[in-house]
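Heads up, entry.cif below (mmCIF, C-alpha atoms):
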```
data_work
loop_
_atom_site.label_atom_id
_atom_site.label_comp_id
_atom_site.auth_asym_id
_atom_site.auth_seq_id
_atom_site.Cartn_x
_atom_site.Cartn_y
_atom_site.Cartn_z
CA MET J 1 0.00 0.00 0.00
CA ASN J 2 1.34 3.42 -0.96
CA LYS J 3 2.14 5.79 1.87
CA PRO J 4 0.34 9.16 1.73
CA PRO J 5 2.39 12.01 0.26
CA LYS J 6 3.59 14.70 2.59
CA ILE J 7 1.59 17.94 2.82
CA ASN J 8 4.26 20.57 3.42
CA PRO J 9 3.56 23.30 5.98
CA ASN J 10 3.45 26.91 4.91
CA PRO J 11 2.37 28.89 7.99
CA ASP J 12 1.82 32.61 7.66
CA TRP J 13 3.97 33.66 10.60
CA GLU J 14 2.95 37.31 10.36
CA ASN J 15 -0.61 36.21 11.22
CA ILE J 16 0.29 33.83 14.05
CA ASP J 17 0.41 35.12 17.62
CA THR J 18 0.17 31.94 19.69
CA VAL J 19 1.85 28.55 19.30
CA LEU J 20 0.39 25.58 21.19
CA LEU J 21 2.77 22.65 21.53
CA ASP J 22 2.19 19.06 22.58
CA LEU J 23 4.87 17.33 24.67
CA ASP J 24 5.27 13.58 24.11
CA GLY J 25 6.09 12.71 20.52
CA THR J 26 6.11 16.37 19.52
CA LEU J 27 8.81 18.08 21.58
CA LEU J 28 10.10 14.89 23.19
CA ASP J 29 11.05 11.62 21.55
CA ARG J 30 8.22 9.15 22.19
CA HIS J 31 10.72 6.29 22.35
CA PHE J 32 10.84 6.82 26.11
CA ASP J 33 7.09 6.31 26.48
CA ASP J 34 6.95 3.42 24.00
CA TYR J 35 9.74 1.61 25.85
CA PHE J 36 8.37 2.41 29.29
CA TRP J 37 4.78 1.28 28.72
CA GLY J 38 5.54 -1.41 26.14
CA CYS J 39 8.56 -3.05 27.76
CA TYR J 40 9.62 -1.78 31.18
CA VAL J 41 6.23 -1.79 32.88
CA PRO J 42 5.32 -5.27 31.53
CA GLU J 43 8.69 -6.65 32.68
CA ASN J 44 8.19 -5.33 36.20
CA TYR J 45 4.53 -6.38 36.23
CA ALA J 46 5.56 -9.91 35.21
CA LEU J 47 8.08 -10.08 38.04
CA LEU J 48 5.59 -8.75 40.59
CA TYR J 49 2.77 -11.14 39.63
CA ASP J 50 4.87 -14.14 38.49
CA LEU J 51 3.75 -13.99 34.85
CA GLU J 52 5.48 -14.60 31.54
CA ILE J 53 6.47 -11.26 30.04
CA GLU J 54 4.30 -11.71 26.94
CA GLU J 55 1.31 -12.61 29.10
CA ALA J 56 1.91 -9.52 31.22
CA ARG J 57 2.31 -7.36 28.13
CA GLY J 58 -0.93 -8.66 26.65
CA GLN J 59 -2.88 -7.98 29.84
CA LEU J 60 -1.48 -4.46 30.17
CA LEU J 61 -1.91 -3.45 26.54
CA ALA J 62 -5.58 -4.43 26.73
CA ARG J 63 -5.99 -2.16 29.77
CA PHE J 64 -4.03 0.66 28.18
CA ASN J 65 -6.00 0.54 24.93
CA GLU J 66 -9.31 0.81 26.79
CA LEU J 67 -8.30 4.20 28.20
CA GLN J 68 -6.31 5.62 25.27
CA GLY J 69 -7.27 9.26 24.67
CA THR J 70 -8.68 9.79 28.16
CA LEU J 71 -7.33 11.52 31.26
CA ALA J 72 -7.06 8.18 33.06
CA TRP J 73 -4.56 6.92 30.47
CA ALA J 74 -2.08 9.65 31.42
CA ASP J 75 -2.77 9.53 35.17
CA LEU J 76 0.24 7.98 36.91
CA ASP J 77 -1.63 7.76 40.21
CA HIS J 78 -4.38 5.76 38.50
CA TRP J 79 -1.91 3.23 37.11
CA SER J 80 0.02 3.00 40.38
CA GLU J 81 -3.22 2.09 42.15
CA VAL J 82 -4.67 -0.38 39.65
CA LEU J 83 -1.37 -2.12 38.88
CA GLY J 84 -0.02 -2.12 42.42
CA MET J 85 3.25 -0.51 41.27
CA ASP J 86 4.95 2.83 41.89
CA ILE J 87 4.76 4.12 38.33
CA PRO J 88 6.51 7.49 38.97
CA GLU J 89 9.44 5.67 40.60
CA LEU J 90 9.67 3.27 37.65
CA LYS J 91 9.75 6.26 35.30
CA ARG J 92 12.58 7.84 37.26
CA ARG J 93 14.62 4.64 36.95
CA VAL J 94 14.71 4.92 33.14
CA ASP J 95 14.49 8.70 32.74
CA ALA J 96 17.88 8.75 31.02
CA LEU J 97 15.89 7.82 27.89
CA VAL J 98 14.02 11.15 27.94
CA ALA J 99 15.23 13.11 24.90
CA VAL J 100 14.29 16.28 23.05
CA HIS J 101 13.66 15.95 19.33
CA PRO J 102 16.22 17.61 17.01
CA HIS J 103 15.70 21.34 16.27
CA VAL J 104 13.07 21.78 19.00
CA VAL J 105 15.17 24.31 20.93
CA ASP J 106 15.95 26.16 17.69
CA PHE J 107 12.23 26.45 17.03
CA LEU J 108 11.47 27.64 20.56
CA LEU J 109 14.17 30.30 20.22
CA PHE J 110 12.70 31.29 16.86
CA CYS J 111 9.31 31.77 18.52
CA ARG J 112 10.87 33.82 21.30
CA GLU J 113 12.79 36.02 18.84
CA ASN J 114 9.62 36.60 16.82
CA GLN J 115 7.55 37.43 19.91
CA LYS J 116 5.19 34.49 19.63
CA ARG J 117 3.35 33.33 22.73
CA VAL J 118 4.31 29.69 23.33
CA CYS J 119 2.10 27.40 25.44
CA LEU J 120 2.66 23.77 26.29
CA VAL J 121 -0.66 21.94 26.07
CA THR J 122 -0.31 18.32 27.11
CA ASN J 123 -2.28 15.31 28.29
CA ALA J 124 0.74 14.40 30.43
CA HIS J 125 0.13 14.03 34.17
CA HIS J 126 1.84 16.68 36.31
CA LYS J 127 4.14 14.02 37.81
CA THR J 128 5.20 12.92 34.33
CA LEU J 129 5.89 16.52 33.37
CA ALA J 130 8.11 17.03 36.45
CA ILE J 131 10.11 13.86 35.75
CA LYS J 132 10.67 14.74 32.11
CA MET J 133 11.51 18.39 32.66
CA ALA J 134 14.21 17.35 35.14
CA ARG J 135 15.89 15.67 32.16
CA ALA J 136 14.79 18.03 29.36
CA PRO J 137 14.62 21.56 30.81
CA LEU J 138 12.37 23.27 28.29
CA VAL J 139 10.19 25.15 30.79
CA LYS J 140 12.09 28.41 30.33
CA TYR J 141 10.91 28.59 26.71
CA TRP J 142 7.18 28.42 27.52
CA ASP J 143 4.93 31.30 28.46
CA GLN J 144 2.30 29.01 29.93
CA VAL J 145 1.75 25.31 30.66
CA VAL J 146 -1.64 23.60 30.62
CA CYS J 147 -1.99 19.94 31.61
CA ALA J 148 -5.26 18.38 30.51
CA GLU J 149 -6.08 17.42 34.09
CA GLU J 150 -6.53 21.16 34.76
CA ILE J 151 -9.08 21.38 31.93
CA GLY J 152 -10.90 18.27 33.10
CA VAL J 153 -10.83 16.27 29.86
CA ALA J 154 -8.19 14.99 27.44
CA LYS J 155 -7.24 16.86 24.26
CA GLU J 156 -9.07 14.27 22.15
CA GLU J 157 -12.39 15.29 23.73
CA PRO J 158 -14.60 17.96 22.09
CA GLU J 159 -15.03 19.89 25.36
CA PHE J 160 -11.29 20.42 25.75
CA TRP J 161 -10.86 23.07 23.07
CA PRO J 162 -13.52 25.63 24.05
CA ARG J 163 -12.31 25.31 27.65
CA LEU J 164 -8.69 25.82 26.61
CA GLU J 165 -9.63 28.90 24.58
CA ARG J 166 -11.33 30.40 27.62
CA CYS J 167 -8.34 29.46 29.78
CA LEU J 168 -5.63 30.93 27.54
CA GLY J 169 -7.61 33.63 25.75
CA TYR J 170 -6.02 33.13 22.34
CA ASP J 171 -7.40 34.15 18.96
CA LYS J 172 -8.06 30.80 17.27
CA ALA J 173 -7.65 32.38 13.82
CA ARG J 174 -4.10 33.42 14.80
CA THR J 175 -3.07 30.25 16.65
CA MET J 176 -0.94 27.27 15.63
CA LEU J 177 -1.14 23.80 17.18
CA VAL J 178 1.64 21.24 16.70
CA ASP J 179 0.79 17.69 17.77
CA ASP J 180 1.68 14.12 16.77
CA THR J 181 -1.85 12.73 17.25
CA GLU J 182 -4.37 13.18 14.46
CA ARG J 183 -7.30 12.65 16.84
CA VAL J 184 -6.13 15.72 18.74
CA LEU J 185 -5.75 17.76 15.56
CA ASP J 186 -9.22 16.63 14.47
CA ALA J 187 -10.72 17.79 17.76
CA ALA J 188 -8.84 21.09 17.62
CA PHE J 189 -10.12 21.72 14.09
CA THR J 190 -13.71 20.58 14.56
CA HIS J 191 -14.36 21.81 18.07
CA GLY J 192 -11.67 24.44 18.54
CA GLY J 193 -11.62 26.13 15.15
CA LEU J 194 -7.82 26.48 15.17
CA ARG J 195 -6.49 27.73 11.86
CA TYR J 196 -2.93 26.40 11.74
CA LEU J 197 -2.61 22.68 12.46
CA ILE J 198 0.71 20.87 12.12
CA HIS J 199 1.20 17.11 12.42
CA VAL J 200 4.48 15.59 13.66
CA ALA J 201 5.14 12.64 11.37
CA ARG J 202 7.85 10.91 13.37
CA PRO J 203 6.99 10.97 17.09
CA SER J 204 9.58 8.30 17.93
CA SER J 205 13.14 8.20 16.63
CA ARG J 206 12.81 4.40 16.52
CA ALA J 207 9.71 4.38 14.30
CA PRO J 208 9.17 5.18 10.60
CA LYS J 209 7.60 8.42 9.41
CA GLY J 210 3.86 8.51 8.91
CA TYR J 211 2.51 11.60 7.16
CA SER J 212 -1.01 12.85 7.75
CA THR J 213 -3.45 12.78 4.84
CA ARG J 214 -5.36 15.76 6.24
CA TYR J 215 -2.81 18.07 7.83
CA SER J 216 0.56 19.57 7.02
CA SER J 217 3.31 17.35 8.41
CA ILE J 218 6.81 17.91 9.69
CA VAL J 219 9.52 15.50 10.70
CA TYR J 220 11.68 18.18 12.31
CA PHE J 221 10.77 21.62 13.64
CA SER J 222 13.42 23.13 11.39
CA GLU J 223 10.88 22.79 8.57
CA LEU J 224 8.71 25.46 10.20
CA ILE J 225 11.68 27.79 10.58
CA THR J 226 12.73 27.23 6.97
CA GLY J 227 9.22 28.05 5.82
CA ALA J 228 9.36 31.33 7.70
CA GLU J 229 12.76 32.22 6.20
CA ASN J 230 11.54 31.43 2.70
CA ASN J 231 8.50 33.67 3.17
CA GLN J 232 10.72 36.53 4.33
CA GLU J 233 12.98 36.11 1.31
CA GLY J 234 9.95 36.12 -1.00
CA ARG J 235 8.69 39.38 0.48
CA GLY J 236 12.16 40.88 0.25
#
```

Written as structure tokens, how would this file's structure read?
Amino acid sequence: MNKPPKINPNPDWENIDTVLLDLDGTLLDRHFDDYFWGCYVPENYALLYDLEIEEARGQLLARFNELQGTLAWADLDHWSEVLGMDIPELKRRVDALVAVHPHVVDFLLFCRENQKRVCLVTNAHHKTLAIKMARAPLVKYWDQVVCAEEIGVAKEEPEFWPRLERCLGYDKARTMLVDDTERVLDAAFTHGGLRYLIHVARPSSRAPKGYSTRYSSIVYFSELITGAENNQEGRG
């Protein structure tokens, strides 16, 4: 089956005031999360409950899939309770795998230099955010941080986007969202009316690229900076 062609981004930076950025898979390499939930947690669960690793993995993946796209999926306290494991402590044991995607800092500096308001908007639990920012100190580049638990629903939910707009007070016609999950982009478009939607096509450095068929895609954030430079040259 043919892979969909890439839709290249061409944001009009002069008409963008606010940039909303996802965390996992967008700014940070999702390899950490894929390894943690797909390998490390099942291994420890198997040891704790005397199971074969594949049996443990199968049980856990079924549980995870049931809650994908909900607040409970990202809630470390929820998983600590239902699995009988200290999930934050397990994350800290392998936090050396937390990594920032290439060119992310360059893009954040570009936004700062061009006086764009930058907001992190993430489903990540506040404990996850603290663990990851201890390894990838990006907080200084953000003007505001919103975890979905503060909004009350996950980003995939229709109610999230009107609530976020009221919370942050942005102009949706002058706002960009960058996210690696098409369900989130769909919700932001349909229920949030955001004008500039960018899909991250390679959330994990260990996985192949997968371009969106509906949204502009990037592999690296440098593509958004290059687009801005090209526009400036064209106007010059």

| query | Do you know which residues are at most 9 Å from region 67-70 of chain J counting all atoms listed in the file, after dropping those on the same chain fewer than 5 positions away, and could you put them as a ChimeraX atom specification? | reply | /J:123,153-157,183-184

What are the closest atom pairs, with distances in Å to one decimal, for each residue of region 21-54 of chain J lying within 10 Å of region 131-145 of chain J, using all atoms listed in the file, rows by chain and rising residue number, as CSV?
```
residue,atom,partner,partner_atom,distance
J:Leu21,CA,J:Trp142,CA,9.4
J:Leu23,CA,J:Lys132,CA,9.8
J:Asp24,CA,J:Lys132,CA,9.7
J:Leu27,CA,J:Leu138,CA,9.2
J:Leu28,CA,J:Ala136,CA,8.4
J:Phe32,CA,J:Lys132,CA,9.9
```

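Every protein or nucleic acid residue with an atom no more than 7 Å from Ala188 (chain J), counting all atoms listed in the file and leaving out same-chain residues fewer than 5 positions away, appears here: Trp161, Gly193 and Leu194 of chain J.
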
Create the file for the chosen residues now, containing C-alpha atoms and written as a JSON list (two decimals), in the frame of the given file.
```
[["chain", "number", "residue", "atom", "x", "y", "z"],
["J", 161, "TRP", "CA", -10.86, 23.07, 23.07],
["J", 193, "GLY", "CA", -11.62, 26.13, 15.15],
["J", 194, "LEU", "CA", -7.82, 26.48, 15.17]]
```

| request: Rank nothing, just name the residue among J:Asn65, J:Ser222, J:Ser205, J:Thr128 nearest to Cys111 (chain J), using only C-alpha atoms. | output: J:Ser222

| request: List every protein, DNA or RNA residue with an atom no more than 12 Å from (4.7, 4.2, 28.0) in the file's coordinates, counting all atoms listed in the file, and format the result as a PyMOL selection string. | output: chain J and resi 24-25+29-42+57+60-61+64-65+68+73-76+79+87-88+90-91+94-95+97-98+124+128+204

What would the file look like if the residues just selected were written as a compact mmCIF listing (two decimals), keeping the file's coordinate frame with C-alpha atoms?
```txt
# COMPACT_ATOMS: atom_id res chain seq x y z
CA ASP J 24 5.27 13.58 24.11
CA GLY J 25 6.09 12.71 20.52
CA ASP J 29 11.05 11.62 21.55
CA ARG J 30 8.22 9.15 22.19
CA HIS J 31 10.72 6.29 22.35
CA PHE J 32 10.84 6.82 26.11
CA ASP J 33 7.09 6.31 26.48
CA ASP J 34 6.95 3.42 24.00
CA TYR J 35 9.74 1.61 25.85
CA PHE J 36 8.37 2.41 29.29
CA TRP J 37 4.78 1.28 28.72
CA GLY J 38 5.54 -1.41 26.14
CA CYS J 39 8.56 -3.05 27.76
CA TYR J 40 9.62 -1.78 31.18
CA VAL J 41 6.23 -1.79 32.88
CA PRO J 42 5.32 -5.27 31.53
CA ARG J 57 2.31 -7.36 28.13
CA LEU J 60 -1.48 -4.46 30.17
CA LEU J 61 -1.91 -3.45 26.54
CA PHE J 64 -4.03 0.66 28.18
CA ASN J 65 -6.00 0.54 24.93
CA GLN J 68 -6.31 5.62 25.27
CA TRP J 73 -4.56 6.92 30.47
CA ALA J 74 -2.08 9.65 31.42
CA ASP J 75 -2.77 9.53 35.17
CA LEU J 76 0.24 7.98 36.91
CA TRP J 79 -1.91 3.23 37.11
CA ILE J 87 4.76 4.12 38.33
CA PRO J 88 6.51 7.49 38.97
CA LEU J 90 9.67 3.27 37.65
CA LYS J 91 9.75 6.26 35.30
CA VAL J 94 14.71 4.92 33.14
CA ASP J 95 14.49 8.70 32.74
CA LEU J 97 15.89 7.82 27.89
CA VAL J 98 14.02 11.15 27.94
CA ALA J 124 0.74 14.40 30.43
CA THR J 128 5.20 12.92 34.33
CA SER J 204 9.58 8.30 17.93
```
